[in-house]
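Colleague: The structure's right below; bear with me while I get my questions together.
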Number of protein chains: 2
Amino acid sequence: MATQGERRAETRQRLLDAAAELFAERGIDGSSVDAIAERAERTSGAVYDHFGGKDGLLFALLESWVDDVAVVIVAELATATTIDERVASLWRNVSDPPTGGGRWLALEHELWSYAARNEGARDHLARRYRAAWSGVDEAVAEWAGADLDHSAGPALIGLLLGLEMMRQVDPAAVTDELAIAALRGVVGAMSGVER
Amino acid sequence: MATQGERRAETRQRLLDAAAELFAERGIDGSSVDAIAERAERTSGAVYDHFGGKDGLLFALLESWVDDVAVVIVAELATATTIDERVASLWRNVSDPPTGGGRWLALEHELWSYAARNEGARDHLARRYRAAWSGVDEAVAEWAGADLDHSAGPALIGLLLGLEMMRQVDPAAVTDELAIAALRGVVGAMSGVER
DNA sequence: CAACTTACATAGGGAGCGCTATGTTTCTGG
DNA sequence: CCAGAAACATAGCGCTCCCTATGTAAGTTG
């Protein structure tokens with residue numbers, strides 16, 4: 001048999017995966033602790049022992065999952081050389097993300113809605129986004145080879161999210177070319193290369 | 001006494017207003033029918049008589065509320081003359097909307113999450129956004145005085161939504177100047193005026 | 001003004017929820 | 001090998017939710 005530590009680690013991961021799936025599918029409020037435990041092939045007792053409750057599970061999910069995605073994106077960005085390639089890389093990671101099986105945006109929406117009503121979740125979300133902004137700012141400043149007129153982070157991340165939302169409504173309406181053109185337009189506007 | 005028609009109309013509006021407030025505050029799942037009715041100073045019986053249930057109330061809310069906002073935005077857009085003014089007008093209507101008391105985005109998020117799990121709501125949302133896109137496309141083509149390289153609707157609406165999301169995380173990070181610069185960048189990229 | 005209808009209120013059933021208290025099995029340290 | 005702890009399972013309490021069935025008062029119609 002496995003050690004207790006191994007058993008515990010696997011149960012933890014199973015619960016996190018199950019929660020991510022169910023939150024995206026049915027919403028946070030729509031996912032009962034029992035349903036999450038059942039999908040993880042455990043029972044609710046395990047959830048309470050590991051995370052103390054539904055909120056604890058949500059916060060733990062937020063931590064683990066964001067770290068995973070950030071690593072992949074940064075790695076792929078480093079291989080691109082032109083601005084178009086970099087922007088395309090960003091867009092690809094949003095429109096066809098490496099993890100989460102396309103339910104990424106659904107979960108993100110759930111977290112937003114939840115954060116709007118929960119201070120702890122709000123702080124979590126704010127930290128995540130501020131970190132992402134400053135990462136983007138550094139990268140864009142480097143590409144542009146100059147200081148920025150405006151912070152590019154909020155505008156670029158916002159556009160990425162907004163484009164993906166629109167693509168969700170109608171995939172045909174947001175082609176890759178359109179997305180890349182729009183993203184390039186914002187990069188240009190923030191770095192002041194035009195006009 | 002008022003006529004039955006008047007009574008009915010007022011109850012309907014009270015219920016819609018109460019639902020919009022509560023959905024934004026506590027989420028759709030977090031708002032019970034009884035709580036909505038109580039805020040409207042009615043009882044749950046009135047909700048079921050008027051809308052047949054929670055879903056019916058949500059759909060009715062969607063119809064009425066979108067129409068209201070669209071009218072205001074189109075009217076204000078008509079008074080602007082330069083592209084910057086028009087873009088600023090769009091942004092102002094998103095960042096400081098005429099109705100809903102700032103809870104606009106919270107309700108929008110709720111609807112998105114709900115639509116992800118409900119086909120009827122998904123169709124509603126798609127219709128709304130497609131209408132908004134084509135409206136924006138027509139307007140931008142007219143401003144630019146030329147055909148567009150890409151459909152500007154999805155990119156512009158997406159950026160507006162995304163910027164407002166970022167502003168929600170940190171109001172100081174998304175100044176009006178930044179938002180307008182980014183929006184202008186996208187308009188330029190879609191109409192192909194640069195490069 | 002009586003019969004009818006409309007508009008909403010009231011009461012409660014049935015189901016599901018989060019969480020706690022406690023039981024059972026598996027591992028670990030001496 | 002055996003106490004004790006750790007990891008999870010089980011049972012059930014108290015609450016809330018959506019919805020239906022039914023009651024009642026006000027308005028409408030002939």
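Ordering of the structure tokens sets the chain letters (A, B, ...); residue numbers start at 1 within each chain; ligands are numbered from 1 in the order shown.
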Counting only C-alpha atoms (C1' of nucleotides), collect the residues of chain D whose closest atom lies at most 9 Å from chain A, and write them out as a list in words.

Modeller: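 Putting it all together, I get DA6, DA7, DC8, DA9 and DT10 of chain D.
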
Colleague: Could you save those same residues with N, CA and C atoms (P, O5', C5', C4', C3', O3' and C1' of nucleotides) as a PDB file, in the first residue's frame?

Modeller:
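The resulting selection11.pdb:
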ATOM      1  P    DA D   6      -1.939  12.722  14.034  1.00  0.00           P
ATOM      2  O5'  DA D   6      -2.107  12.374  12.500  1.00  0.00           O
ATOM      3  C5'  DA D   6      -1.258  11.385  11.916  1.00  0.00           C
ATOM      4  C4'  DA D   6      -1.971  10.699  10.775  1.00  0.00           C
ATOM      5  C3'  DA D   6      -2.867  11.630   9.940  1.00  0.00           C
ATOM      6  O3'  DA D   6      -2.515  11.454   8.573  1.00  0.00           O
ATOM      7  C1'  DA D   6      -4.058   9.675  10.589  1.00  0.00           C
ATOM      8  P    DA D   7      -3.222  12.334   7.434  1.00  0.00           P
ATOM      9  O5'  DA D   7      -4.335  11.316   6.910  1.00  0.00           O
ATOM     10  C5'  DA D   7      -3.939  10.079   6.335  1.00  0.00           C
ATOM     11  C4'  DA D   7      -5.148   9.404   5.711  1.00  0.00           C
ATOM     12  C3'  DA D   7      -6.046  10.353   4.907  1.00  0.00           C
ATOM     13  O3'  DA D   7      -6.505   9.658   3.759  1.00  0.00           O
ATOM     14  C1'  DA D   7      -7.301   9.356   6.641  1.00  0.00           C
ATOM     15  P    DC D   8      -7.056  10.541   2.525  1.00  0.00           P
ATOM     16  O5'  DC D   8      -8.613  10.356   2.756  1.00  0.00           O
ATOM     17  C5'  DC D   8      -9.128   9.105   2.371  1.00  0.00           C
ATOM     18  C4'  DC D   8     -10.245   8.674   3.291  1.00  0.00           C
ATOM     19  C3'  DC D   8     -11.624   9.170   2.868  1.00  0.00           C
ATOM     20  O3'  DC D   8     -12.238   8.175   2.054  1.00  0.00           O
ATOM     21  C1'  DC D   8     -11.359   8.891   5.239  1.00  0.00           C
ATOM     22  P    DA D   9     -13.746   8.378   1.623  1.00  0.00           P
ATOM     23  O5'  DA D   9     -14.540   7.675   2.805  1.00  0.00           O
ATOM     24  C5'  DA D   9     -14.270   6.318   3.107  1.00  0.00           C
ATOM     25  C4'  DA D   9     -15.382   5.729   3.974  1.00  0.00           C
ATOM     26  C3'  DA D   9     -16.799   5.969   3.468  1.00  0.00           C
ATOM     27  O3'  DA D   9     -17.582   4.810   3.714  1.00  0.00           O
ATOM     28  C1'  DA D   9     -16.531   7.011   5.598  1.00  0.00           C
ATOM     29  P    DT D  10     -19.109   4.748   3.217  1.00  0.00           P
ATOM     30  O5'  DT D  10     -19.953   5.181   4.496  1.00  0.00           O
ATOM     31  C5'  DT D  10     -19.614   4.612   5.754  1.00  0.00           C
ATOM     32  C4'  DT D  10     -20.582   5.076   6.829  1.00  0.00           C
ATOM     33  C3'  DT D  10     -22.009   5.364   6.358  1.00  0.00           C
ATOM     34  O3'  DT D  10     -22.898   4.703   7.249  1.00  0.00           O
ATOM     35  C1'  DT D  10     -21.170   7.213   7.548  1.00  0.00           C
TER      36       DT D  10
END

Colleague: Find the residues around D:DT16 up to 10 Å (only C-alpha atoms (C1' of nucleotides) counted), leave out those fewer than 6 positions away in its own chain, and share them as number ranges by chain.

Modeller: B: 32; C: 16-17

Colleague: Those residues you just picked out, can you put them in a file as a compact mmCIF listing (two decimals), in the first residue's frame with C-alpha atoms (C1' of nucleotides)?

Modeller:
# COMPACT_ATOMS: atom_id res chain seq x y z
CA SER B 32 -34.22 32.90 -3.46
C1' DG C 16 -31.17 19.16 -1.31
C1' DC C 17 -27.81 21.72 1.11

Colleague: Can you list, as a short mmCIF file (atom, residue, chain, number, x, y, z; two decimals) with C-alpha atoms (C1' of nucleotides), in the first residue's frame, every protein, DNA or RNA residue that comes within 12 Å of D:DG12 when you count only C-alpha atoms (C1' of nucleotides), leaving out same-chain residues fewer than 3 positions away?

Modeller:
data_model
loop_
_atom_site.label_atom_id
_atom_site.label_comp_id
_atom_site.auth_asym_id
_atom_site.auth_seq_id
_atom_site.Cartn_x
_atom_site.Cartn_y
_atom_site.Cartn_z
"C1'" DC C 19 -21.69 20.89 8.22
"C1'" DT C 20 -20.75 18.12 12.68
"C1'" DA C 21 -20.19 14.05 15.35
"C1'" DT C 22 -18.76 9.75 15.32
#

Colleague: Between atom CA of B:Asp149 and atom CA of A:Gly185, measure the distance and give it in Å to one decimal.

Modeller: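 Distance reported for this atom pair: 12.7 Å.
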
Colleague: Could you give me, as a list in words, the residues within 7 Å of stretch 38-40 of chain A, counting only C-alpha atoms (C1' of nucleotides) and dropping anything in the same chain fewer than 3 positions from it?

Modeller: Arg14, Leu15, Ala18, Asp34, Ala35 and Thr43 of chain A

Colleague: Report as a ChimeraX atom specification the set of chain B residues whose atoms approach chain A to within 7 Å, with distances computed over only C-alpha atoms.

Modeller: /B:25-26,29,106,109-110,113,116-117,126,150,154-155,158-159,161-163,165-166,169,173-174,178,181-182,185-186,188-190
